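Asks: Structure provided below as structure tokens; questions to follow.
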Amino acid sequence: MPGAASSSSTDRRAAVRSSRAQRTVCRHCGVPTAGPEQEFCCAGCAYVYRLIQEEGLGAYYQIKDKVTSPADSALLPPREYRWLAEAQVKAETEAAGHTPELRLDVQGLSCAGCVWLIERLFNKQSGAGRIDINAQTGQMRLSWQKGFDAAAFGQTLQQFNYFVSPASAARSAPPESRGLVKRIGLCAAFAMNVMLFTLPTYFGMDASFEYARLFGTISMGFATLSLLAGGGFFIGKAFRALREGAINIDLPIALGILGAYLGSAYGWLAEREAFVYFDFVATFILLMLVGRWAQLAAVERNQRRLLAEQPAPPSLRAWKADGTPVECTPDELTSGMRFSVGSGMTVAVEGRLMEEEASMSLAWINGESAPRTFRRGQRVPSGAINLGRSDVVLEATQAWRQSLLAELTKPAKRTTYRDRFLERVITGYLVAMLATAFLSGLFWWLKTHDAARSCSVVTAVLVVSCPCAIGLAFPLADETATIALRKRGVFVRVPDLWPRLARLRKLVFDKTGTLTLETPRLRGGTVLEELSVDATRALFTLVSDNPHPIGRCLHEQLLARGGLVGFSADVQEQVGQGARFVDAGVEWRLGRPQWAMTVAGVEQEAASKTGTDDEEGETVLSRNGVLVAAFRFEESVRTDAVGEIAKLRARGLQTVVLSGDRRYKVERLTRELGLGDSAGQGELSPHDKAAWVEAHGADDALMLGDGANDSLAFDRALCRGTPVIHRGVLAEKADFYYLGCGIGGIRALFEVNDARRRTHGWLLAFSIAYNLLAVGLAAAGRMSPLLAAILMPASSLLTLVIVGWGMKPSLRAIRG
């Protein structure tokens, strides 16, 4: 019934408006939060927001972009900045009495607000000199005076979610879009000059006017310059693609430019105005350059948010088989050498543990979420992370080139994906354009036997059948889609992502760190608030600089609250049990209940208060053996995972979870997500994951992972994305990355691509209708240079209107 349909539609619109009204965005980064009551999307954003306010730098929020990267990685344990200290010493030595300088890449640099904030932080450093920051290239150059500490500055930047690395050649080189800006500037000037000397003809200047020939010659000269400065870009790319046996968007653009220019050049030589379209040539080249620049600039901006190169692995303290101490890099390790692994650092090669005990995380290489305790003589795999506070010594059982970590971090070559649909469109367009031009010329030759008349019709057909929809509007639609996704914290890194998305039929998720957060979640949010001041200070002391997942979880929670100062005490760790310190005769412990509570009878009392242990275990804080607080943790599924997985499956996408973690944990997660036990595979090695992807169809799979253990599967899958960029392994392999505590960005990627594809369809329909009209007029001999000069920019403007109209719903949905 019409009335019922209208009422239903009204109700849906009201529900959408209500949903948008309830949605809030993070006060720091602008990404949507998990609920209307939450001010921040993650603890990292809360922490950085508080730091900025405490430093008196709140003006940053008036300068920054509306949406920036979430700061969840700001709470990571401090990185190793010894390389930066060494770079500072080297720069000071080379300066030889002059002011030393250092150039660095910066991850997280995205807008003028970031530039302003980093400048202010630098100026607060002792001995700071001058800093120049280039947001376009993602690099900074700094100089300093005596007393400056570059490593301390790097650590300060990490607290504010900026990471630095040595300057890379890739970023130092000008981006391709910058070269296009220069071409656009030149071609804009040339096009305006061509129009300046062509307008008199349109306003009635007679060919016999004494300066008419001069005006035409000047127009040809500027059109030739435009061809050389801008047209050569498309002609060169089209030629290189043809040499490789591919057809791309540059071919019809190049043919349109050459056809119009050669026809116009003939018209100028023969003094036949019907052939002269120099104003079209110059304007068309300018519009195509603008479209290409917009497409490249959007992708390059997302690429610059990541470090092009991670810092070189720090030198290791090692000992040869005869006991001789050496400093070496991981790739110099050989079997039999002993080497030291610092707190929070990665084990480069497999080795036997030389300590009594050591706690290691294997999540990065096999997805196992729970830390594992190794004992003397046991083999610690390559890629394990030392969770202890002190260094551990291992004896290498293999060389670097034989290690799992070397295999997982090895760069993989990847060819550009060919968009078969676009190739078919371009092929059809070229066949239709050339066939129409040939048949029109043949018709007029048979009808009039006038070669000049026939050639003028052919030239007119080639001129008016310009591929504006393909050359200008398609790239702008892609750019609009990229910008829309950026507002949701999804960043497209490669321009060939879009045709890959159209082929996807299944989603392959890693578990730990992808569907779940990297750190566990604390049950019962009030337990920290109930602690006394001394207990809170003690807990902060025990978890500071602690790489253990439980320590990181508690540390994040405490940092987000702010205003904490720990005890000045030496924290000692007992592997597999916990950490302790003594201050003013009071001993504080954080760890397993049996170890933390040593007073007789307390264990029984604590058990009755906290309940029985489950498989996740319990961590307690004690004071002189007396229970102060009990903490329970659980693996934290990303906030929106259940709902988002259901919506992705509703799109017809098969969803699978591949993990190196225990089978029962994977099955529990798949049940929670509504997938069923059969949709999850547990206890898989990196090679098992890659084999599964290949066996079940890599050519329609999207692989989503966060650790080195996903690297081989990444290399096999058609498309790949990651929610983690601070490790620098998968980020450079990913086609896109998404940030924040949820996975809603994946669905947004598909929805925006739907809008993009619909827009492309409308553009093709408009292009067909336009060409039927314009080419029909040209083939009928009704086209003139003036009419062509009107139709071409008019059609270009209409294609832009179609792009804005077609992409508007996706932009509105993203904002909502």
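In the structure tokens, chains take letters A, B, ... by order of appearance, with residues numbered from 1 within each chain and ligands from 1 in the order shown.
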Give me every helix (DSSP H, G or I) residue in segment 205-317 of chain A, going by DSSP on the backbone, as a VMD selection string.
Replies: chain A and resid 212 to 243 250 to 270 273 to 275 278 to 304
Asks: Given the selection you just returned, output its residues as a file containing C-alpha atoms, formatted as an mmCIF file, in the first residue's frame.
Replies:
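Listing of part.cif after writing:
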```cif
data_model
loop_
_atom_site.group_PDB
_atom_site.id
_atom_site.type_symbol
_atom_site.label_atom_id
_atom_site.label_comp_id
_atom_site.auth_asym_id
_atom_site.auth_seq_id
_atom_site.Cartn_x
_atom_site.Cartn_y
_atom_site.Cartn_z
ATOM 1 C CA ALA A 212 44.518 36.772 -37.925
ATOM 2 C CA ARG A 213 47.329 34.559 -39.198
ATOM 3 C CA LEU A 214 49.578 35.725 -36.357
ATOM 4 C CA PHE A 215 46.904 34.925 -33.766
ATOM 5 C CA GLY A 216 46.492 31.453 -35.249
ATOM 6 C CA THR A 217 50.238 30.891 -35.216
ATOM 7 C CA ILE A 218 50.510 31.961 -31.569
ATOM 8 C CA SER A 219 47.622 29.625 -30.671
ATOM 9 C CA MET A 220 49.372 26.745 -32.389
ATOM 10 C CA GLY A 221 52.605 27.587 -30.580
ATOM 11 C CA PHE A 222 50.991 27.521 -27.136
ATOM 12 C CA ALA A 223 49.028 24.358 -28.012
ATOM 13 C CA THR A 224 52.310 22.732 -29.067
ATOM 14 C CA LEU A 225 53.884 23.709 -25.763
ATOM 15 C CA SER A 226 50.855 22.267 -23.971
ATOM 16 C CA LEU A 227 51.254 19.046 -25.954
ATOM 17 C CA LEU A 228 54.906 18.807 -24.956
ATOM 18 C CA ALA A 229 54.417 19.766 -21.286
ATOM 19 C CA GLY A 230 51.221 17.877 -20.545
ATOM 20 C CA GLY A 231 50.223 15.663 -23.444
ATOM 21 C CA GLY A 232 53.560 13.889 -23.376
ATOM 22 C CA PHE A 233 52.705 12.557 -19.904
ATOM 23 C CA PHE A 234 49.724 10.581 -21.253
ATOM 24 C CA ILE A 235 51.344 9.630 -24.560
ATOM 25 C CA GLY A 236 54.380 8.202 -22.771
ATOM 26 C CA LYS A 237 52.297 6.192 -20.313
ATOM 27 C CA ALA A 238 50.066 4.839 -23.077
ATOM 28 C CA PHE A 239 53.084 3.788 -25.134
ATOM 29 C CA ARG A 240 54.721 2.007 -22.187
ATOM 30 C CA ALA A 241 51.481 0.180 -21.396
ATOM 31 C CA LEU A 242 51.138 -1.001 -24.999
ATOM 32 C CA ARG A 243 54.701 -2.297 -24.930
ATOM 33 C CA ASP A 250 45.931 6.815 -20.921
ATOM 34 C CA LEU A 251 45.474 5.330 -24.408
ATOM 35 C CA PRO A 252 42.169 7.034 -25.373
ATOM 36 C CA ILE A 253 43.412 10.254 -23.808
ATOM 37 C CA ALA A 254 46.615 10.098 -25.849
ATOM 38 C CA LEU A 255 44.738 9.318 -29.073
ATOM 39 C CA GLY A 256 42.292 12.159 -28.448
ATOM 40 C CA ILE A 257 45.148 14.607 -27.880
ATOM 41 C CA LEU A 258 47.129 13.462 -30.936
ATOM 42 C CA GLY A 259 44.101 13.326 -33.225
ATOM 43 C CA ALA A 260 42.951 16.820 -32.281
ATOM 44 C CA TYR A 261 46.453 18.296 -32.478
ATOM 45 C CA LEU A 262 47.422 16.730 -35.816
ATOM 46 C CA GLY A 263 44.115 17.720 -37.371
ATOM 47 C CA SER A 264 44.510 21.273 -36.064
ATOM 48 C CA ALA A 265 48.105 21.448 -37.286
ATOM 49 C CA TYR A 266 46.934 20.447 -40.758
ATOM 50 C CA GLY A 267 44.184 23.060 -40.594
ATOM 51 C CA TRP A 268 46.705 25.739 -39.662
ATOM 52 C CA LEU A 269 49.068 24.758 -42.489
ATOM 53 C CA ALA A 270 46.258 24.576 -45.029
ATOM 54 C CA GLU A 273 39.531 27.004 -39.949
ATOM 55 C CA ALA A 274 37.228 23.959 -39.925
ATOM 56 C CA PHE A 275 40.201 21.846 -38.875
ATOM 57 C CA PHE A 278 43.951 24.273 -30.703
ATOM 58 C CA ASP A 279 41.847 25.647 -27.844
ATOM 59 C CA PHE A 280 40.322 22.203 -27.403
ATOM 60 C CA VAL A 281 43.762 20.571 -27.331
ATOM 61 C CA ALA A 282 45.087 22.896 -24.619
ATOM 62 C CA THR A 283 41.939 22.749 -22.462
ATOM 63 C CA PHE A 284 41.552 18.988 -22.768
ATOM 64 C CA ILE A 285 45.151 18.386 -21.694
ATOM 65 C CA LEU A 286 44.678 20.661 -18.682
ATOM 66 C CA LEU A 287 41.508 18.888 -17.549
ATOM 67 C CA MET A 288 43.069 15.435 -17.903
ATOM 68 C CA LEU A 289 46.090 16.524 -15.860
ATOM 69 C CA VAL A 290 43.852 17.885 -13.090
ATOM 70 C CA GLY A 291 41.948 14.590 -12.908
ATOM 71 C CA ARG A 292 45.128 12.534 -12.760
ATOM 72 C CA TRP A 293 46.677 14.782 -10.104
ATOM 73 C CA ALA A 294 43.601 14.478 -7.887
ATOM 74 C CA GLN A 295 43.743 10.690 -8.092
ATOM 75 C CA LEU A 296 47.477 10.442 -7.350
ATOM 76 C CA ALA A 297 47.517 13.053 -4.575
ATOM 77 C CA ALA A 298 44.838 11.250 -2.540
ATOM 78 C CA VAL A 299 46.722 7.926 -2.590
ATOM 79 C CA GLU A 300 50.153 9.494 -2.021
ATOM 80 C CA ARG A 301 48.860 11.307 1.042
ATOM 81 C CA ASN A 302 47.837 7.998 2.607
ATOM 82 C CA GLN A 303 51.176 6.432 1.685
ATOM 83 C CA ARG A 304 53.096 9.270 3.361
#
```
Asks: Fewer than 6 positions away in the same chain doesn't count, so skip those; otherwise give me all residues within 12 Å of segment 320-333 of chain A, counting only C-alpha atoms, as a list in words.
Replies: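 The filter keeps Trp83, Ala312, Pro313, Pro314, Phe339, Ser340, Val341, Thr346, Val347, Ala348, Val349, Glu350, Gly351, Ser382, Gly383, Leu394, Glu395, Ala396, Thr397, Gln398, Ala399, Trp400, Arg401, Gln402, Ser403, Leu405 and Ala406 of chain A.
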Asks: Could you make a table, as CSV, of the residues of segment 694-753 of chain A that have an atom within 10 Å of an atom of segment 618-641 of chain A, each with its nearest atom pair and distance in Å to one decimal, counting only C-alpha atoms, in chain and number order?
Replies:
```
residue,atom,partner,partner_atom,distance
A:Gly740,CA,A:Arg638,CA,9.3
A:Cys741,CA,A:Arg638,CA,5.8
A:Gly742,CA,A:Arg638,CA,5.2
A:Ile743,CA,A:Ala641,CA,6.2
A:Gly744,CA,A:Asp640,CA,6.9
```
Asks: Using only C-alpha atoms, which residue out of A:Cys26, A:Gly113, A:Ala96, A:Gly44 lies closest to Tyr61 of chain A?
Replies: A:Gly113
Asks: Which residues come within 10 Å of Thr512 of chain A, counting only C-alpha atoms, excluding same-chain residues fewer than 4 positions away, as a PyMOL selection string?
Replies: chain A and resi 363-364+366-369+516-519+635-637+658-661+666+705-707
Asks: Restricted to N, CA and C atoms, what would the selected residues look like written as a CSV table (one decimal), in the first residue's frame?
Replies:
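Okay, again_11.csv is ready:
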```csv
chain,number,residue,atom,x,y,z
A,363,ALA,N,52.8,-14.0,19.8
A,363,ALA,CA,51.7,-13.6,19.0
A,363,ALA,C,52.0,-13.1,17.6
A,364,TRP,N,53.2,-12.4,17.5
A,364,TRP,CA,53.6,-11.8,16.3
A,364,TRP,C,53.9,-12.9,15.2
A,366,ASN,N,52.9,-16.5,15.5
A,366,ASN,CA,52.0,-17.6,15.4
A,366,ASN,C,50.6,-17.3,15.9
A,367,GLY,N,50.4,-16.0,16.3
A,367,GLY,CA,49.1,-15.6,16.8
A,367,GLY,C,48.7,-16.1,18.2
A,368,GLU,N,49.5,-16.8,18.9
A,368,GLU,CA,49.2,-17.3,20.2
A,368,GLU,C,49.1,-16.1,21.2
A,369,SER,N,48.0,-15.9,21.7
A,369,SER,CA,47.7,-14.7,22.5
A,369,SER,C,48.4,-14.7,23.9
A,516,THR,N,40.6,-9.3,17.5
A,516,THR,CA,40.7,-8.9,18.9
A,516,THR,C,41.7,-7.8,19.0
A,517,LEU,N,41.7,-7.1,20.1
A,517,LEU,CA,42.7,-6.1,20.3
A,517,LEU,C,44.0,-6.7,20.8
A,518,GLU,N,45.1,-5.9,20.6
A,518,GLU,CA,46.4,-6.5,21.0
A,518,GLU,C,46.6,-6.7,22.4
A,519,THR,N,45.9,-6.0,23.3
A,519,THR,CA,46.0,-6.2,24.7
A,519,THR,C,44.7,-6.7,25.2
A,635,GLU,N,40.2,-11.8,26.7
A,635,GLU,CA,40.5,-11.4,25.3
A,635,GLU,C,39.5,-10.5,24.8
A,636,SER,N,39.9,-9.3,24.3
A,636,SER,CA,39.0,-8.3,23.9
A,636,SER,C,38.7,-8.3,22.4
A,637,VAL,N,37.5,-8.7,22.1
A,637,VAL,CA,37.0,-8.7,20.7
A,637,VAL,C,36.8,-7.2,20.3
A,658,LEU,N,41.6,-17.5,10.5
A,658,LEU,CA,42.8,-18.3,10.5
A,658,LEU,C,43.7,-17.8,11.6
A,659,SER,N,44.1,-18.7,12.5
A,659,SER,CA,44.9,-18.2,13.6
A,659,SER,C,46.0,-19.3,14.0
A,660,GLY,N,47.0,-18.8,14.6
A,660,GLY,CA,48.0,-19.7,15.2
A,660,GLY,C,47.7,-20.0,16.7
A,661,ASP,N,46.7,-19.3,17.2
A,661,ASP,CA,46.3,-19.5,18.6
A,661,ASP,C,45.6,-20.9,18.8
A,666,VAL,N,40.0,-20.2,19.2
A,666,VAL,CA,39.4,-19.8,17.9
A,666,VAL,C,38.0,-20.2,17.7
A,705,GLY,N,45.2,-9.0,8.4
A,705,GLY,CA,46.1,-9.5,9.5
A,705,GLY,C,46.9,-8.4,10.1
A,706,ASP,N,47.6,-8.7,11.1
A,706,ASP,CA,48.4,-7.6,11.8
A,706,ASP,C,49.8,-8.0,12.1
A,707,GLY,N,50.2,-9.3,12.0
A,707,GLY,CA,51.5,-9.7,12.4
A,707,GLY,C,52.3,-10.4,11.3
```
Asks: Might you pull out every residue within 12 Å of Asn134 of chain A, with only C-alpha atoms counted and same-chain residues fewer than 2 positions away left off, and present them as a list in words?
Replies: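 Contacts, with the query itself left out: Arg103, Leu104, Asp105, Val106, Leu109, Ser110, Cys111, Ala112, Cys114, Val115, Trp116, Ile118, Glu119, Ile131, Asp132, Gln136, Thr137, Gly138, Gln139, Met140, Arg141, Leu142, Arg171, Ser172, Pro174 and Arg304 of chain A.
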Asks: Pick out the residues sitting within 12 Å of Glu667 of chain A, and hand them over as a list in words; count only C-alpha atoms, and ignore anything fewer than 4 positions along from it in its own chain.
Replies: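 Using only C-alpha atoms, the neighbours found are Lys511, Val656, Val657, Leu658, Ser659, Asp661, Arg662, Arg663, Arg671, Glu672, Leu673, Gly674, Leu675, Gly676, Asp677, Ser678, Ala679, Gly680, Gln681, Gly682 and Glu683 of chain A.
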Asks: Export N, CA, C and O atoms of the chosen residues as a compact mmCIF listing (two decimals), in the first residue's frame?
Replies:
```
# COMPACT_ATOMS: atom_id res chain seq x y z
N LYS A 511 43.19 -13.72 13.83
CA LYS A 511 42.45 -13.54 15.09
C LYS A 511 43.10 -12.50 15.99
O LYS A 511 42.58 -11.40 16.17
N VAL A 656 36.12 -16.23 7.17
CA VAL A 656 36.92 -17.30 7.76
C VAL A 656 37.93 -16.69 8.72
O VAL A 656 38.43 -15.58 8.47
N VAL A 657 38.22 -17.40 9.80
CA VAL A 657 39.24 -16.97 10.77
C VAL A 657 40.38 -17.97 10.75
O VAL A 657 40.17 -19.17 11.00
N LEU A 658 41.59 -17.50 10.45
CA LEU A 658 42.79 -18.34 10.47
C LEU A 658 43.71 -17.81 11.56
O LEU A 658 44.04 -16.63 11.57
N SER A 659 44.15 -18.68 12.46
CA SER A 659 44.95 -18.22 13.59
C SER A 659 45.97 -19.27 14.00
O SER A 659 45.77 -20.47 13.79
N ASP A 661 46.65 -19.34 17.19
CA ASP A 661 46.28 -19.53 18.59
C ASP A 661 45.61 -20.89 18.79
O ASP A 661 45.26 -21.58 17.83
N ARG A 662 45.35 -21.22 20.06
CA ARG A 662 44.77 -22.52 20.40
C ARG A 662 43.40 -22.69 19.72
O ARG A 662 42.63 -21.75 19.58
N ARG A 663 43.10 -23.94 19.36
CA ARG A 663 41.86 -24.21 18.64
C ARG A 663 40.63 -23.80 19.45
O ARG A 663 39.67 -23.25 18.90
N ARG A 671 32.22 -18.69 17.48
CA ARG A 671 30.85 -18.80 18.01
C ARG A 671 30.34 -17.44 18.46
O ARG A 671 29.17 -17.09 18.22
N GLU A 672 31.20 -16.67 19.10
CA GLU A 672 30.80 -15.34 19.54
C GLU A 672 30.44 -14.44 18.36
O GLU A 672 29.54 -13.60 18.45
N LEU A 673 31.14 -14.63 17.25
CA LEU A 673 30.89 -13.83 16.05
C LEU A 673 29.73 -14.35 15.22
O LEU A 673 29.38 -13.77 14.20
N GLY A 674 29.16 -15.49 15.64
CA GLY A 674 28.04 -16.06 14.91
C GLY A 674 28.45 -16.79 13.66
O GLY A 674 27.64 -16.97 12.74
N LEU A 675 29.70 -17.28 13.61
CA LEU A 675 30.21 -17.94 12.41
C LEU A 675 30.12 -19.46 12.50
O LEU A 675 30.11 -20.14 11.48
N GLY A 676 30.15 -20.00 13.70
CA GLY A 676 30.18 -21.45 13.86
C GLY A 676 31.61 -21.97 13.88
O GLY A 676 32.54 -21.32 13.39
N ASP A 677 31.78 -23.16 14.44
CA ASP A 677 33.12 -23.72 14.63
C ASP A 677 33.85 -23.97 13.32
O ASP A 677 35.07 -23.85 13.23
N SER A 678 33.11 -24.33 12.26
CA SER A 678 33.75 -24.70 11.00
C SER A 678 34.39 -23.51 10.29
O SER A 678 35.18 -23.70 9.36
N ALA A 679 34.05 -22.30 10.71
CA ALA A 679 34.60 -21.11 10.04
C ALA A 679 35.94 -20.69 10.60
O ALA A 679 36.51 -19.70 10.16
N GLY A 680 36.46 -21.41 11.58
CA GLY A 680 37.73 -21.05 12.19
C GLY A 680 38.74 -22.18 12.12
O GLY A 680 38.39 -23.36 12.23
N GLN A 681 39.99 -21.81 11.92
CA GLN A 681 41.09 -22.77 11.91
C GLN A 681 42.13 -22.28 12.92
O GLN A 681 42.57 -21.14 12.84
N GLY A 682 42.50 -23.15 13.86
CA GLY A 682 43.47 -22.76 14.87
C GLY A 682 44.77 -23.53 14.76
O GLY A 682 44.88 -24.52 14.03
N GLU A 683 45.78 -23.03 15.51
CA GLU A 683 47.10 -23.66 15.57
C GLU A 683 47.73 -23.81 14.19
O GLU A 683 48.33 -24.83 13.87
```
Asks: Do you have the atom CA of Thr33 of chain A-atom CA of Gly524 of chain A distance handy?
Replies: 20.2 Å
